[in-house]
file input_14.cif (mmCIF, C-alpha atoms)
data_coords
#
loop_
_atom_site.group_PDB
_atom_site.id
_atom_site.type_symbol
_atom_site.label_atom_id
_atom_site.label_comp_id
_atom_site.auth_asym_id
_atom_site.auth_seq_id
_atom_site.Cartn_x
_atom_site.Cartn_y
_atom_site.Cartn_z
ATOM 1 C CA MET A 4 0.000 0.000 0.000
ATOM 2 C CA SER A 5 1.372 3.403 -0.976
ATOM 3 C CA PRO A 6 1.807 5.937 1.850
ATOM 4 C CA GLN A 7 -1.025 8.415 2.310
ATOM 5 C CA PRO A 8 -0.210 12.114 1.877
ATOM 6 C CA ALA A 9 0.086 14.106 5.066
ATOM 7 C CA PRO A 10 -3.064 16.087 5.930
ATOM 8 C CA ALA A 11 -2.994 19.736 4.926
ATOM 9 C CA ARG A 12 -1.732 21.937 7.743
ATOM 10 C CA ALA A 13 -4.245 24.351 9.252
ATOM 11 C CA VAL A 14 -3.395 28.047 9.113
ATOM 12 C CA ASP A 15 -3.523 30.004 12.367
ATOM 13 C CA VAL A 16 -4.394 33.510 11.216
ATOM 14 C CA HIS A 17 -4.369 34.702 14.849
ATOM 15 C CA GLN A 18 -0.688 33.934 15.404
ATOM 16 C CA ASP A 19 1.692 36.614 16.621
ATOM 17 C CA VAL A 20 3.338 38.724 13.935
ATOM 18 C CA SER A 21 6.085 41.340 13.892
ATOM 19 C CA PRO A 22 5.203 44.988 14.587
ATOM 20 C CA GLU A 23 5.811 45.768 10.914
ATOM 21 C CA VAL A 24 3.335 43.131 9.756
ATOM 22 C CA ALA A 25 0.873 44.144 12.461
ATOM 23 C CA ALA A 26 0.991 47.680 11.095
ATOM 24 C CA LEU A 27 0.199 46.436 7.585
ATOM 25 C CA ILE A 28 -2.710 44.384 8.905
ATOM 26 C CA ALA A 29 -3.998 47.391 10.837
ATOM 27 C CA ARG A 30 -4.027 49.443 7.636
ATOM 28 C CA VAL A 31 -6.253 46.829 6.003
ATOM 29 C CA ALA A 32 -8.433 46.413 9.093
ATOM 30 C CA ALA A 33 -9.215 50.144 9.046
ATOM 31 C CA HIS A 34 -11.163 49.560 5.823
ATOM 32 C CA LEU A 35 -13.186 46.534 6.975
ATOM 33 C CA PRO A 36 -16.813 47.012 8.098
ATOM 34 C CA ALA A 37 -17.243 47.743 11.792
ATOM 35 C CA GLU A 38 -20.365 45.595 12.020
ATOM 36 C CA GLY A 39 -21.973 42.732 10.146
ATOM 37 C CA ARG A 40 -20.573 40.050 7.858
ATOM 38 C CA LEU A 41 -18.072 40.676 5.088
ATOM 39 C CA GLY A 42 -18.114 38.818 1.801
ATOM 40 C CA VAL A 43 -14.710 38.501 0.127
ATOM 41 C CA ALA A 44 -14.692 37.897 -3.625
ATOM 42 C CA TYR A 45 -12.172 35.082 -3.467
ATOM 43 C CA SER A 46 -10.212 33.336 -6.204
ATOM 44 C CA GLY A 47 -7.491 31.527 -4.244
ATOM 45 C CA GLY A 48 -4.832 33.984 -5.429
ATOM 46 C CA VAL A 49 -2.522 35.558 -2.874
ATOM 47 C CA ASP A 50 -4.345 38.917 -2.814
ATOM 48 C CA SER A 51 -7.847 37.627 -2.147
ATOM 49 C CA THR A 52 -6.531 34.914 0.181
ATOM 50 C CA THR A 53 -4.638 37.470 2.256
ATOM 51 C CA LEU A 54 -7.709 39.689 2.445
ATOM 52 C CA LEU A 55 -9.792 36.682 3.481
ATOM 53 C CA ALA A 56 -7.266 35.713 6.177
ATOM 54 C CA VAL A 57 -6.997 39.262 7.541
ATOM 55 C CA ALA A 58 -10.798 39.494 7.671
ATOM 56 C CA VAL A 59 -10.954 36.244 9.655
ATOM 57 C CA ARG A 60 -8.235 37.532 11.993
ATOM 58 C CA GLU A 61 -9.926 40.887 12.565
ATOM 59 C CA LEU A 62 -13.632 40.051 12.295
ATOM 60 C CA GLY A 63 -13.736 36.323 13.037
ATOM 61 C CA ALA A 64 -14.714 33.397 10.792
ATOM 62 C CA ASP A 65 -18.386 33.857 11.679
ATOM 63 C CA ARG A 66 -18.331 37.362 10.196
ATOM 64 C CA THR A 67 -16.414 36.403 7.053
ATOM 65 C CA VAL A 68 -17.349 34.382 3.984
ATOM 66 C CA GLY A 69 -15.407 33.743 0.793
ATOM 67 C CA ILE A 70 -17.316 34.070 -2.488
ATOM 68 C CA LEU A 71 -15.909 32.066 -5.384
ATOM 69 C CA GLY A 72 -17.211 32.806 -8.879
ATOM 70 C CA ILE A 73 -17.556 29.640 -10.958
ATOM 71 C CA SER A 74 -17.461 29.700 -14.748
ATOM 72 C CA PRO A 75 -15.522 28.086 -17.622
ATOM 73 C CA SER A 76 -12.846 30.786 -17.214
ATOM 74 C CA LEU A 77 -11.804 29.387 -13.805
ATOM 75 C CA ALA A 78 -9.168 26.675 -14.109
ATOM 76 C CA THR A 79 -10.139 23.364 -12.522
ATOM 77 C CA ALA A 80 -6.972 23.280 -10.413
ATOM 78 C CA GLU A 81 -7.536 26.852 -9.193
ATOM 79 C CA ARG A 82 -11.037 25.995 -7.983
ATOM 80 C CA ALA A 83 -9.808 23.010 -5.989
ATOM 81 C CA ALA A 84 -6.873 24.957 -4.525
ATOM 82 C CA ALA A 85 -9.133 27.824 -3.446
ATOM 83 C CA HIS A 86 -11.354 25.479 -1.436
ATOM 84 C CA ASP A 87 -8.347 23.757 0.107
ATOM 85 C CA ILE A 88 -6.768 26.991 1.322
ATOM 86 C CA ALA A 89 -10.050 28.384 2.686
ATOM 87 C CA SER A 90 -10.621 25.185 4.658
ATOM 88 C CA ARG A 91 -7.136 25.508 6.148
ATOM 89 C CA ILE A 92 -7.920 29.077 7.186
ATOM 90 C CA GLY A 93 -11.166 27.808 8.681
ATOM 91 C CA VAL A 94 -13.601 29.964 6.753
ATOM 92 C CA GLY A 95 -16.584 29.056 4.621
ATOM 93 C CA VAL A 96 -16.730 29.553 0.855
ATOM 94 C CA VAL A 97 -19.874 30.082 -1.190
ATOM 95 C CA GLU A 98 -19.725 29.205 -4.877
ATOM 96 C CA VAL A 99 -21.585 31.594 -7.173
ATOM 97 C CA PRO A 100 -22.085 30.427 -10.770
ATOM 98 C CA THR A 101 -21.571 33.293 -13.201
ATOM 99 C CA ASP A 102 -22.655 33.578 -16.811
ATOM 100 C CA GLU A 103 -20.375 36.190 -18.352
ATOM 101 C CA GLY A 104 -20.283 33.999 -21.466
ATOM 102 C CA SER A 105 -23.832 35.104 -22.287
ATOM 103 C CA SER A 106 -22.606 38.693 -22.643
ATOM 104 C CA GLU A 107 -21.819 39.659 -26.219
ATOM 105 C CA ALA A 108 -19.353 42.282 -24.959
ATOM 106 C CA TYR A 109 -17.484 39.680 -22.891
ATOM 107 C CA ARG A 110 -17.305 37.207 -25.784
ATOM 108 C CA ALA A 111 -16.090 39.974 -28.112
ATOM 109 C CA ASN A 112 -12.986 40.064 -25.897
ATOM 110 C CA GLY A 113 -11.998 43.714 -26.103
ATOM 111 C CA PRO A 114 -9.510 45.247 -23.662
ATOM 112 C CA ASP A 115 -12.460 45.826 -21.280
ATOM 113 C CA ARG A 116 -13.316 42.118 -21.057
ATOM 114 C CA CYS A 117 -12.429 42.041 -17.348
ATOM 115 C CA PHE A 118 -15.016 44.729 -16.662
ATOM 116 C CA HIS A 119 -17.807 42.545 -18.044
ATOM 117 C CA CYS A 120 -16.557 39.532 -16.090
ATOM 118 C CA LYS A 121 -16.276 41.390 -12.775
ATOM 119 C CA ASN A 122 -19.557 43.192 -13.421
ATOM 120 C CA GLU A 123 -21.292 39.834 -13.795
ATOM 121 C CA LEU A 124 -19.677 38.498 -10.605
ATOM 122 C CA PHE A 125 -20.530 41.527 -8.487
ATOM 123 C CA ALA A 126 -24.075 41.640 -9.869
ATOM 124 C CA ARG A 127 -24.587 37.968 -8.976
ATOM 125 C CA ILE A 128 -23.227 38.576 -5.494
ATOM 126 C CA SER A 129 -25.585 41.515 -5.009
ATOM 127 C CA ASP A 130 -28.585 39.628 -6.314
ATOM 128 C CA GLU A 131 -28.061 36.201 -4.790
ATOM 129 C CA VAL A 132 -25.620 36.279 -1.909
ATOM 130 C CA VAL A 133 -25.918 39.490 0.129
ATOM 131 C CA ALA A 134 -29.382 38.846 1.543
ATOM 132 C CA MET A 135 -28.931 35.083 1.885
ATOM 133 C CA HIS A 136 -25.766 35.440 3.964
ATOM 134 C CA GLY A 137 -26.578 38.705 5.698
ATOM 135 C CA LEU A 138 -23.610 40.584 4.297
ATOM 136 C CA ALA A 139 -22.983 44.147 5.369
ATOM 137 C CA ALA A 140 -20.407 44.644 2.610
ATOM 138 C CA VAL A 141 -18.565 42.903 -0.212
ATOM 139 C CA SER A 142 -14.836 43.325 -0.864
ATOM 140 C CA TYR A 143 -12.223 42.146 -3.323
ATOM 141 C CA GLY A 144 -8.445 41.803 -3.409
ATOM 142 C CA GLU A 145 -7.224 44.747 -5.454
ATOM 143 C CA ASN A 146 -3.852 45.921 -4.114
ATOM 144 C CA ALA A 147 -2.212 49.338 -4.416
ATOM 145 C CA ASP A 148 -0.100 48.263 -7.395
ATOM 146 C CA ASP A 149 -3.193 47.052 -9.268
ATOM 147 C CA ALA A 150 -4.955 50.334 -8.545
ATOM 148 C CA VAL A 151 -2.560 52.302 -10.754
ATOM 149 C CA ARG A 152 -2.323 49.805 -13.633
ATOM 150 C CA PRO A 153 -4.199 50.747 -16.806
ATOM 151 C CA ASP A 154 -5.050 47.117 -17.647
ATOM 152 C CA ARG A 155 -7.443 46.534 -14.744
ATOM 153 C CA PRO A 156 -10.913 47.483 -16.063
ATOM 154 C CA GLY A 157 -12.505 45.212 -13.457
ATOM 155 C CA ALA A 158 -11.877 47.988 -10.940
ATOM 156 C CA ARG A 159 -14.608 50.057 -12.616
ATOM 157 C CA ALA A 160 -17.109 47.268 -11.948
ATOM 158 C CA ALA A 161 -16.088 47.242 -8.277
ATOM 159 C CA THR A 162 -16.693 50.977 -8.060
ATOM 160 C CA GLU A 163 -20.102 50.731 -9.700
ATOM 161 C CA HIS A 164 -21.185 47.964 -7.312
ATOM 162 C CA LEU A 165 -19.756 49.682 -4.201
ATOM 163 C CA VAL A 166 -17.336 46.820 -3.568
ATOM 164 C CA LEU A 167 -14.673 47.544 -0.947
ATOM 165 C CA ARG A 168 -10.943 47.237 -1.714
ATOM 166 C CA PRO A 169 -9.261 47.163 1.733
ATOM 167 C CA LEU A 170 -5.799 46.203 0.494
ATOM 168 C CA ALA A 171 -5.581 49.077 -1.973
ATOM 169 C CA GLU A 172 -7.232 51.557 0.413
ATOM 170 C CA GLY A 173 -4.697 50.539 3.048
ATOM 171 C CA GLY A 174 -1.904 51.219 0.576
ATOM 172 C CA LEU A 175 -0.603 47.633 0.494
ATOM 173 C CA THR A 176 1.532 46.840 -2.544
ATOM 174 C CA LYS A 177 1.927 43.343 -3.935
ATOM 175 C CA ASP A 178 5.127 42.936 -1.916
ATOM 176 C CA ASP A 179 3.276 44.046 1.226
ATOM 177 C CA VAL A 180 0.537 41.516 0.552
ATOM 178 C CA ARG A 181 3.076 38.721 0.183
ATOM 179 C CA THR A 182 4.786 39.834 3.411
ATOM 180 C CA VAL A 183 1.497 39.568 5.318
ATOM 181 C CA ALA A 184 0.645 36.256 3.662
ATOM 182 C CA ALA A 185 3.992 34.747 4.640
ATOM 183 C CA ALA A 186 3.712 36.035 8.216
ATOM 184 C CA LEU A 187 0.282 34.428 8.585
ATOM 185 C CA GLY A 188 1.574 31.148 7.153
ATOM 186 C CA LEU A 189 -0.612 31.154 4.057
ATOM 187 C CA PRO A 190 0.487 28.327 1.738
ATOM 188 C CA ASN A 191 0.154 30.486 -1.373
ATOM 189 C CA ALA A 192 2.251 33.430 -0.141
ATOM 190 C CA ASP A 193 4.673 32.953 -3.044
ATOM 191 C CA LYS A 194 2.088 31.809 -5.583
ATOM 192 C CA PRO A 195 2.534 33.379 -9.022
ATOM 193 C CA ALA A 196 -0.336 35.400 -10.427
ATOM 194 C CA ALA A 197 -3.040 33.223 -11.990
ATOM 195 C CA PRO A 198 -5.241 35.327 -14.264
ATOM 196 C CA CYS A 199 -8.446 33.761 -15.572
ATOM 197 C CA LEU A 200 -8.250 31.484 -18.586
ATOM 198 C CA ALA A 201 -9.853 34.094 -20.867
ATOM 199 C CA SER A 202 -6.638 36.133 -20.582
ATOM 200 C CA ARG A 203 -4.962 33.502 -22.788
ATOM 201 C CA ILE A 204 -7.098 34.450 -25.801
ATOM 202 C CA PRO A 205 -5.944 37.440 -27.890
ATOM 203 C CA HIS A 206 -8.225 40.461 -27.742
ATOM 204 C CA PHE A 207 -10.933 40.626 -30.391
ATOM 205 C CA LYS A 208 -10.802 36.846 -30.794
ATOM 206 C CA GLU A 209 -14.053 35.410 -29.424
ATOM 207 C CA VAL A 210 -13.996 33.817 -25.970
ATOM 208 C CA THR A 211 -15.785 30.463 -26.040
ATOM 209 C CA PRO A 212 -16.151 27.634 -23.502
ATOM 210 C CA GLU A 213 -14.375 25.339 -25.948
ATOM 211 C CA LYS A 214 -11.280 27.550 -26.124
ATOM 212 C CA LEU A 215 -11.222 27.965 -22.340
ATOM 213 C CA ALA A 216 -11.426 24.201 -21.874
ATOM 214 C CA GLN A 217 -8.549 23.712 -24.331
ATOM 215 C CA VAL A 218 -6.359 26.120 -22.380
ATOM 216 C CA ASP A 219 -7.320 24.503 -19.059
ATOM 217 C CA ARG A 220 -6.396 21.020 -20.294
ATOM 218 C CA ALA A 221 -3.174 22.190 -21.922
ATOM 219 C CA GLU A 222 -1.955 24.068 -18.837
ATOM 220 C CA ALA A 223 -2.836 21.094 -16.633
ATOM 221 C CA ALA A 224 -0.686 18.907 -18.895
ATOM 222 C CA VAL A 225 2.238 21.343 -18.614
ATOM 223 C CA ARG A 226 2.018 21.500 -14.828
ATOM 224 C CA ALA A 227 1.752 17.715 -14.637
ATOM 225 C CA LEU A 228 5.280 17.645 -16.076
ATOM 226 C CA GLY A 229 6.539 19.570 -13.054
ATOM 227 C CA PHE A 230 6.609 23.136 -14.403
ATOM 228 C CA SER A 231 5.858 25.629 -11.634
ATOM 229 C CA ASP A 232 3.932 28.119 -13.757
ATOM 230 C CA CYS A 233 2.863 28.576 -17.342
ATOM 231 C CA ARG A 234 0.527 30.298 -19.779
ATOM 232 C CA VAL A 235 -0.839 28.594 -22.870
ATOM 233 C CA ARG A 236 -1.883 31.386 -25.230
ATOM 234 C CA HIS A 237 -4.618 30.346 -27.656
ATOM 235 C CA HIS A 238 -3.840 31.248 -31.271
ATOM 236 C CA ASP A 239 -6.403 29.022 -32.997
ATOM 237 C CA GLU A 240 -4.441 25.887 -34.027
ATOM 238 C CA VAL A 241 -1.282 27.169 -32.332
ATOM 239 C CA ALA A 242 -0.609 26.988 -28.601
ATOM 240 C CA ARG A 243 2.037 29.532 -27.597
ATOM 241 C CA LEU A 244 3.594 28.283 -24.389
ATOM 242 C CA GLU A 245 5.050 30.738 -21.874
ATOM 243 C CA LEU A 246 7.201 29.376 -19.026
ATOM 244 C CA THR A 247 9.164 30.962 -16.212
ATOM 245 C CA ASP A 248 12.637 32.153 -17.161
ATOM 246 C CA HIS A 249 14.414 29.526 -15.070
ATOM 247 C CA GLU A 250 12.381 26.678 -16.617
ATOM 248 C CA LEU A 251 12.747 27.600 -20.290
ATOM 249 C CA ALA A 252 15.900 25.518 -20.706
ATOM 250 C CA ARG A 253 14.220 22.419 -19.281
ATOM 251 C CA ALA A 254 11.595 22.549 -22.045
ATOM 252 C CA ALA A 255 14.373 21.952 -24.593
ATOM 253 C CA ASP A 256 15.267 18.576 -23.095
ATOM 254 C CA PRO A 257 14.209 16.031 -25.764
ATOM 255 C CA ALA A 258 12.110 13.871 -23.445
ATOM 256 C CA VAL A 259 10.428 16.859 -21.813
ATOM 257 C CA ARG A 260 9.844 18.537 -25.170
ATOM 258 C CA THR A 261 8.162 15.413 -26.520
ATOM 259 C CA ALA A 262 5.915 15.158 -23.470
ATOM 260 C CA LEU A 263 5.004 18.860 -23.721
ATOM 261 C CA VAL A 264 4.034 18.537 -27.352
ATOM 262 C CA GLU A 265 1.963 15.421 -26.705
ATOM 263 C CA GLY A 266 0.194 16.936 -23.709
ATOM 264 C CA VAL A 267 -0.670 20.230 -25.379
ATOM 265 C CA ARG A 268 -1.743 18.583 -28.633
ATOM 266 C CA ALA A 269 -4.028 16.278 -26.637
ATOM 267 C CA ALA A 270 -5.869 19.403 -25.498
ATOM 268 C CA GLY A 271 -6.845 20.103 -29.112
ATOM 269 C CA PHE A 272 -4.017 22.179 -30.565
ATOM 270 C CA ARG A 273 -2.198 21.280 -33.764
ATOM 271 C CA PHE A 274 1.035 23.204 -33.189
ATOM 272 C CA VAL A 275 2.995 23.969 -30.010
ATOM 273 C CA ALA A 276 5.328 26.982 -29.906
ATOM 274 C CA LEU A 277 7.610 27.994 -27.036
ATOM 275 C CA ASP A 278 7.812 31.757 -26.397
ATOM 276 C CA LEU A 279 11.419 32.580 -25.524
ATOM 277 C CA VAL A 280 10.373 35.769 -23.721
ATOM 278 C CA GLY A 281 8.791 33.702 -20.934
ATOM 279 C CA ILE A 282 5.681 34.571 -18.934
ATOM 280 C CA GLN A 283 4.330 38.030 -19.752
ATOM 281 C CA SER A 284 1.753 39.658 -17.486
ATOM 282 C CA GLY A 285 -0.778 41.688 -19.447
ATOM 283 C CA ALA A 286 0.745 40.531 -22.738
ATOM 284 C CA PHE A 287 -2.467 41.044 -24.712
ATOM 285 C CA THR A 288 -4.012 43.967 -22.827
ATOM 286 C CA LEU A 289 -1.179 46.361 -21.947
ATOM 287 C CA PRO A 290 -0.215 47.284 -25.533
ATOM 288 C CA LEU A 291 -3.830 48.233 -26.276
ATOM 289 C CA VAL A 292 -4.565 50.242 -23.140
ATOM 290 C CA SER A 293 -1.163 51.938 -23.379
ATOM 291 C CA VAL A 294 -2.187 53.244 -26.783
ATOM 292 C CA THR A 295 -5.584 54.289 -25.406
ATOM 293 C CA HIS A 296 -4.226 56.080 -22.342
ATOM 294 C CA GLY A 297 -0.730 56.969 -23.461
#

call {"tool": "encode", "arguments": {"input": "input_14.cif", "output": "structure tokens"}}
result
Amino acid sequence: MSPQPAPARAVDVHQDVSPEVAALIARVAAHLPAEGRLGVAYSGGVDSTTLLAVAVRELGADRTVGILGISPSLATAERAAAHDIASRIGVGVVEVPTDEGSSEAYRANGPDRCFHCKNELFARISDEVVAMHGLAAVSYGENADDAVRPDRPGARAATEHLVLRPLAEGGLTKDDVRTVAAALGLPNADKPAAPCLASRIPHFKEVTPEKLAQVDRAEAAVRALGFSDCRVRHHDEVARLELTDHELARAADPAVRTALVEGVRAAGFRFVALDLVGIQSGAFTLPLVSVTHG
């Protein structure tokens, strides 16, 4: 009989922290509701997880609930990981199915695609979750670095739906967020960014469930080969694979290369290309919004 994996370690969000970390947490806490329950739009990324953990620390698990939007744009592995981490923090998670795919503007995949996605999520939360769970407020994990980026149209949806952004309002940068996450023992403190699967499709190419499923399967195949992070960009028959800088060389190993090609082709692509630039955040959106705002 093979040995069973060790049970996941619980996270004690109430543990002692350094004065510097305590000050960062206090800056976030100042923007949490004084009364009532807080809903945290939660994806399992380090920003929303840190906000969720700080809310549990400051308000208690009974006054905090994670809200996980479920749609074809959420990778299967990300959904499972989000539930695992929330359970280790000791806080409940409510799944909210979203239907951004029914929006023509979302499917059209312009640079404002994220607005239509977030707008759908926040609308569903307002309509279906607030009353059911007695929420006094809803928040999400925008940090201070995100707040000044031009490729974050989802922020406009948060503003329109009166969603709180305690990390950004507290002035916490991405580095600050990771510092707090590490101090609280969150298992994803060093997790790379994991944008939704729709970000792999070039703007003005239609977003479809079929394309999202292809990307999900292809990226799962890449990670199954031991790569720590990746993006599979969908260019119709071509999958353009982005890897971390320190793992690019490994992809050239003949055995690994063969396995990569087989795994990505099995997801429905005909050709597999390796992008020598590596992983590029905002690769499709930044050039367009830079022209718009520049």

call {"tool": "closest_residue", "arguments": {"input": "input_14.cif", "among": "A:Gly104, A:Glu172, A:Asp19, A:Ser46", "to": "Ala197 (chain A)", "atoms": "all atoms listed in the file"}}
result
A:Ser46

call {"tool": "resolve_selection", "arguments": {"input": "input_14.cif", "expression": "the PyMOL selection byres ((chain A and resi 254) around 12)", "output": "ChimeraX atom specification"}}
result
/A:225,228-230,233,244-253,255-264,275-279,281

call {"tool": "atom_distance", "arguments": {"input": "input_14.cif", "atom1": "CA of Met135 (chain A)", "atom2": "CA of Val16 (chain A)"}}
result
26.3 Å

call {"tool": "atom_distance", "arguments": {"input": "input_14.cif", "atom1": "CA of Pro114 (chain A)", "atom2": "CA of Val180 (chain A)"}}
result
26.5 Å

call {"tool": "residues_around", "arguments": {"input": "input_14.cif", "residues": "region 270-274 of chain A", "least_positions_apart": "3", "cutoff": "9 Å", "atoms": "all atoms listed in the file", "output": "PDB file with C-alpha atoms, keeping the file's coordinate frame"}}
result
ATOM      1  CA  ALA A 216     -11.426  24.201 -21.874  1.00  0.00           C
ATOM      2  CA  GLN A 217      -8.549  23.712 -24.331  1.00  0.00           C
ATOM      3  CA  VAL A 218      -6.359  26.120 -22.380  1.00  0.00           C
ATOM      4  CA  ASP A 219      -7.320  24.503 -19.059  1.00  0.00           C
ATOM      5  CA  ARG A 220      -6.396  21.020 -20.294  1.00  0.00           C
ATOM      6  CA  ALA A 221      -3.174  22.190 -21.922  1.00  0.00           C
ATOM      7  CA  ALA A 224      -0.686  18.907 -18.895  1.00  0.00           C
ATOM      8  CA  HIS A 237      -4.618  30.346 -27.656  1.00  0.00           C
ATOM      9  CA  ASP A 239      -6.403  29.022 -32.997  1.00  0.00           C
ATOM     10  CA  GLU A 240      -4.441  25.887 -34.027  1.00  0.00           C
ATOM     11  CA  VAL A 241      -1.282  27.169 -32.332  1.00  0.00           C
ATOM     12  CA  ALA A 242      -0.609  26.988 -28.601  1.00  0.00           C
ATOM     13  CA  ARG A 243       2.037  29.532 -27.597  1.00  0.00           C
ATOM     14  CA  VAL A 264       4.034  18.537 -27.352  1.00  0.00           C
ATOM     15  CA  GLU A 265       1.963  15.421 -26.705  1.00  0.00           C
ATOM     16  CA  GLY A 266       0.194  16.936 -23.709  1.00  0.00           C
ATOM     17  CA  VAL A 267      -0.670  20.230 -25.379  1.00  0.00           C
TER      18      VAL A 267
END
